[in-house]
Amino acid sequence: MTTTVGLLAGPALADAASESPETSQVARETHAEALVPGTPCSVSARACVDLESQRAWLIRDGKVTRGPMTISSGGEGRATPVGHSFRVYRKDRDHVSGESRTAEGRPAPMPFSTFFADGGIAFHGGDPSRSSAGCIRMKAADAEAVFDDLQNGDKVQVVNGSQERAARGEAS
């Protein structure tokens with residue numbers, strides 16, 4: 001049985017398509033906010049992903065509530081998008097991939113999927129030692145915690161930590 005929660009009628013919000021996600025107006029506004037201690041993300045985020053360190057955090061009221069969690073992100077040709085203002089737009093506890101298949105040819109399971117970026121990019125359970133097709137793959141317990149904690153509309157930031165520190169004028 002598949003349970004889908006809260007499908008919104010529009011794409012996830014992200015940095016303006018015509019600008020680099022690292023230098024967009026949204027990024028500049030985000031860089032003016034305080035950082036959540038121990039993360040490369042701002043206090044307005046509810047979830048933070050650092051692609052460089054392959055770690056993620058859940059955040060509430062500017063404090064880490066879970067993390068760092070080990071993740072894997074997009075592999076070659078399927079990079080995870082960077083952005084400062086993605087929004088959770090759909091959740092599906094028992095999602096299966098429309099693109100990836102298991103060795104037996106069945107659609108690959110993506111348990112506890114929390115979708116936040118266009119193209120079906122989501123946090124979901126899986127083996128974090130293998131790269132994904134652009135999603136944020138994490139251990140099942142972490143994916144379930146993300147699924148349970150985040151709600152539609154919550155802000156997700158996906159960044160490269162060293163670029164964030166440089167943009168804020170901090171030492172790498």
# chains A, B, ... in the order shown; residues from 1 in each chain; ligands from 1
>>> select_by_dssp(residues="chain A", states="strand (DSSP E)", output="PyMOL selection string")
chain A and resi 4-5+47-50+55-60+63-72+83-87+90-101+107-117+121-125+136-138+155-159
>>> select_by_dssp(residues="segment 3-149 of chain A", states="alpha helix (DSSP H)", output="PDB file with N, CA, C and O atoms, in the first residue's frame")
ATOM      1  N   GLN A  25      19.973  35.833  -5.514  1.00  0.00           N
ATOM      2  CA  GLN A  25      19.442  36.722  -4.479  1.00  0.00           C
ATOM      3  C   GLN A  25      19.053  35.922  -3.239  1.00  0.00           C
ATOM      4  O   GLN A  25      19.303  36.341  -2.115  1.00  0.00           O
ATOM      5  N   VAL A  26      18.447  34.757  -3.447  1.00  0.00           N
ATOM      6  CA  VAL A  26      18.052  33.904  -2.325  1.00  0.00           C
ATOM      7  C   VAL A  26      19.284  33.495  -1.523  1.00  0.00           C
ATOM      8  O   VAL A  26      19.273  33.517  -0.294  1.00  0.00           O
ATOM      9  N   ALA A  27      20.368  33.125  -2.215  1.00  0.00           N
ATOM     10  CA  ALA A  27      21.599  32.740  -1.517  1.00  0.00           C
ATOM     11  C   ALA A  27      22.147  33.919  -0.722  1.00  0.00           C
ATOM     12  O   ALA A  27      22.548  33.764   0.439  1.00  0.00           O
ATOM     13  N   ARG A  28      22.157  35.100  -1.329  1.00  0.00           N
ATOM     14  CA  ARG A  28      22.673  36.282  -0.617  1.00  0.00           C
ATOM     15  C   ARG A  28      21.850  36.565   0.637  1.00  0.00           C
ATOM     16  O   ARG A  28      22.401  36.886   1.692  1.00  0.00           O
ATOM     17  N   GLU A  29      20.537  36.447   0.528  1.00  0.00           N
ATOM     18  CA  GLU A  29      19.685  36.660   1.702  1.00  0.00           C
ATOM     19  C   GLU A  29      19.958  35.598   2.772  1.00  0.00           C
ATOM     20  O   GLU A  29      19.998  35.903   3.963  1.00  0.00           O
ATOM     21  N   THR A  30      20.150  34.369   2.337  1.00  0.00           N
ATOM     22  CA  THR A  30      20.444  33.281   3.273  1.00  0.00           C
ATOM     23  C   THR A  30      21.767  33.513   3.974  1.00  0.00           C
ATOM     24  O   THR A  30      21.897  33.278   5.175  1.00  0.00           O
ATOM     25  N   HIS A  31      22.761  34.007   3.230  1.00  0.00           N
ATOM     26  CA  HIS A  31      24.082  34.244   3.823  1.00  0.00           C
ATOM     27  C   HIS A  31      24.049  35.347   4.872  1.00  0.00           C
ATOM     28  O   HIS A  31      24.940  35.430   5.709  1.00  0.00           O
ATOM     29  N   ALA A 140      17.746   3.769   6.879  1.00  0.00           N
ATOM     30  CA  ALA A 140      16.290   3.736   7.039  1.00  0.00           C
ATOM     31  C   ALA A 140      15.819   4.523   8.262  1.00  0.00           C
ATOM     32  O   ALA A 140      14.841   5.271   8.185  1.00  0.00           O
ATOM     33  N   ALA A 141      16.499   4.380   9.390  1.00  0.00           N
ATOM     34  CA  ALA A 141      16.075   5.083  10.610  1.00  0.00           C
ATOM     35  C   ALA A 141      16.171   6.596  10.432  1.00  0.00           C
ATOM     36  O   ALA A 141      15.310   7.341  10.907  1.00  0.00           O
ATOM     37  N   ASP A 142      17.215   7.064   9.742  1.00  0.00           N
ATOM     38  CA  ASP A 142      17.350   8.499   9.479  1.00  0.00           C
ATOM     39  C   ASP A 142      16.281   8.979   8.508  1.00  0.00           C
ATOM     40  O   ASP A 142      15.682  10.041   8.704  1.00  0.00           O
ATOM     41  N   ALA A 143      16.025   8.206   7.454  1.00  0.00           N
ATOM     42  CA  ALA A 143      14.993   8.587   6.482  1.00  0.00           C
ATOM     43  C   ALA A 143      13.623   8.642   7.150  1.00  0.00           C
ATOM     44  O   ALA A 143      12.826   9.547   6.875  1.00  0.00           O
ATOM     45  N   GLU A 144      13.348   7.718   8.052  1.00  0.00           N
ATOM     46  CA  GLU A 144      12.075   7.730   8.763  1.00  0.00           C
ATOM     47  C   GLU A 144      11.973   8.960   9.668  1.00  0.00           C
ATOM     48  O   GLU A 144      10.913   9.587   9.752  1.00  0.00           O
ATOM     49  N   ALA A 145      13.079   9.324  10.329  1.00  0.00           N
ATOM     50  CA  ALA A 145      13.074  10.515  11.184  1.00  0.00           C
ATOM     51  C   ALA A 145      12.822  11.775  10.358  1.00  0.00           C
ATOM     52  O   ALA A 145      12.054  12.647  10.775  1.00  0.00           O
ATOM     53  N   VAL A 146      13.457  11.870   9.190  1.00  0.00           N
ATOM     54  CA  VAL A 146      13.239  13.015   8.300  1.00  0.00           C
ATOM     55  C   VAL A 146      11.782  13.037   7.850  1.00  0.00           C
ATOM     56  O   VAL A 146      11.120  14.079   7.882  1.00  0.00           O
ATOM     57  N   PHE A 147      11.268  11.885   7.442  1.00  0.00           N
ATOM     58  CA  PHE A 147       9.880  11.766   6.989  1.00  0.00           C
ATOM     59  C   PHE A 147       8.913  12.216   8.087  1.00  0.00           C
ATOM     60  O   PHE A 147       7.965  12.963   7.836  1.00  0.00           O
ATOM     61  N   ASP A 148       9.163  11.763   9.309  1.00  0.00           N
ATOM     62  CA  ASP A 148       8.268  12.093  10.420  1.00  0.00           C
ATOM     63  C   ASP A 148       8.371  13.557  10.837  1.00  0.00           C
ATOM     64  O   ASP A 148       7.388  14.157  11.254  1.00  0.00           O
ATOM     65  N   ASP A 149       9.565  14.138  10.731  1.00  0.00           N
ATOM     66  CA  ASP A 149       9.790  15.489  11.238  1.00  0.00           C
ATOM     67  C   ASP A 149       9.395  16.583  10.251  1.00  0.00           C
ATOM     68  O   ASP A 149       8.788  17.570  10.643  1.00  0.00           O
TER      69      ASP A 149
END
>>> residues_around(residues="Asp61 of chain A", least_positions_apart="6", cutoff="9 Å", atoms="only C-alpha atoms", output="list in words")
Val43, Ser44, Ala45 and Arg46 of chain A
>>> write_last_selection(atoms="C-alpha atoms", output="mmCIF file, in the first residue's frame")
data_model
loop_
_atom_site.group_PDB
_atom_site.id
_atom_site.type_symbol
_atom_site.label_atom_id
_atom_site.label_comp_id
_atom_site.auth_asym_id
_atom_site.auth_seq_id
_atom_site.Cartn_x
_atom_site.Cartn_y
_atom_site.Cartn_z
ATOM 1 C CA VAL A 43 18.682 29.166 10.980
ATOM 2 C CA SER A 44 15.670 29.381 8.644
ATOM 3 C CA ALA A 45 16.305 25.836 7.349
ATOM 4 C CA ARG A 46 14.460 22.808 8.725
#
>>> closest_residue(among="A:Ala108, A:Leu35, A:Val156, A:Ala103", to="Val88 of chain A", atoms="only C-alpha atoms")
A:Val156
>>> residues_around(residues="Leu58 of chain A", least_positions_apart="3", cutoff="7 Å", atoms="only C-alpha atoms", output="JSON, numbers by chain")
{"A": [46, 47, 48, 64, 65, 66, 67]}
>>> closest_atom_pairs(of="segment 42-138 of chain A", to="segment 164-170 of chain A", cutoff="12 Å", atoms="only C-alpha atoms", output="tab-separated table")
residue	atom	partner	partner_atom	distance
A:Ser42	CA	A:Glu164	CA	9.9
A:Val49	CA	A:Glu164	CA	11.7
A:Asp50	CA	A:Glu164	CA	9.6
A:Leu51	CA	A:Glu164	CA	11.3
A:Glu52	CA	A:Glu164	CA	10.9
A:Val82	CA	A:Glu164	CA	11.2
A:Gly83	CA	A:Glu164	CA	11.2
A:His84	CA	A:Glu164	CA	10.3
>>> atom_distance(atom1="atom CA of Val36 of chain A", atom2="atom CA of Gly62 of chain A")
5.5 Å
>>> closest_residue(among="A:Gly120, A:Gly98, A:Gly153, A:Gly161", to="Gly134 of chain A", atoms="only C-alpha atoms")
A:Gly120
>>> closest_atom_pairs(of="segment 32-63 of chain A", to="segment 68-80 of chain A", cutoff="8 Å", atoms="only C-alpha atoms", output="CSV")
residue,atom,partner,partner_atom,distance
A:Leu51,CA,A:Ser73,CA,6.9
A:Gln54,CA,A:Ile71,CA,5.2
A:Arg55,CA,A:Thr70,CA,4.8
A:Ala56,CA,A:Met69,CA,5.1
A:Trp57,CA,A:Pro68,CA,5.2
>>> write_last_selection(atoms="C-alpha atoms", output="JSON list (two decimals), in the first residue's frame")
[["chain", "number", "residue", "atom", "x", "y", "z"],
["A", 51, "LEU", "CA", 27.18, 17.66, -0.34],
["A", 54, "GLN", "CA", 27.91, 13.87, 2.70],
["A", 55, "ARG", "CA", 26.09, 14.73, 5.92],
["A", 56, "ALA", "CA", 22.62, 16.03, 6.76],
["A", 57, "TRP", "CA", 20.89, 17.54, 9.79]]
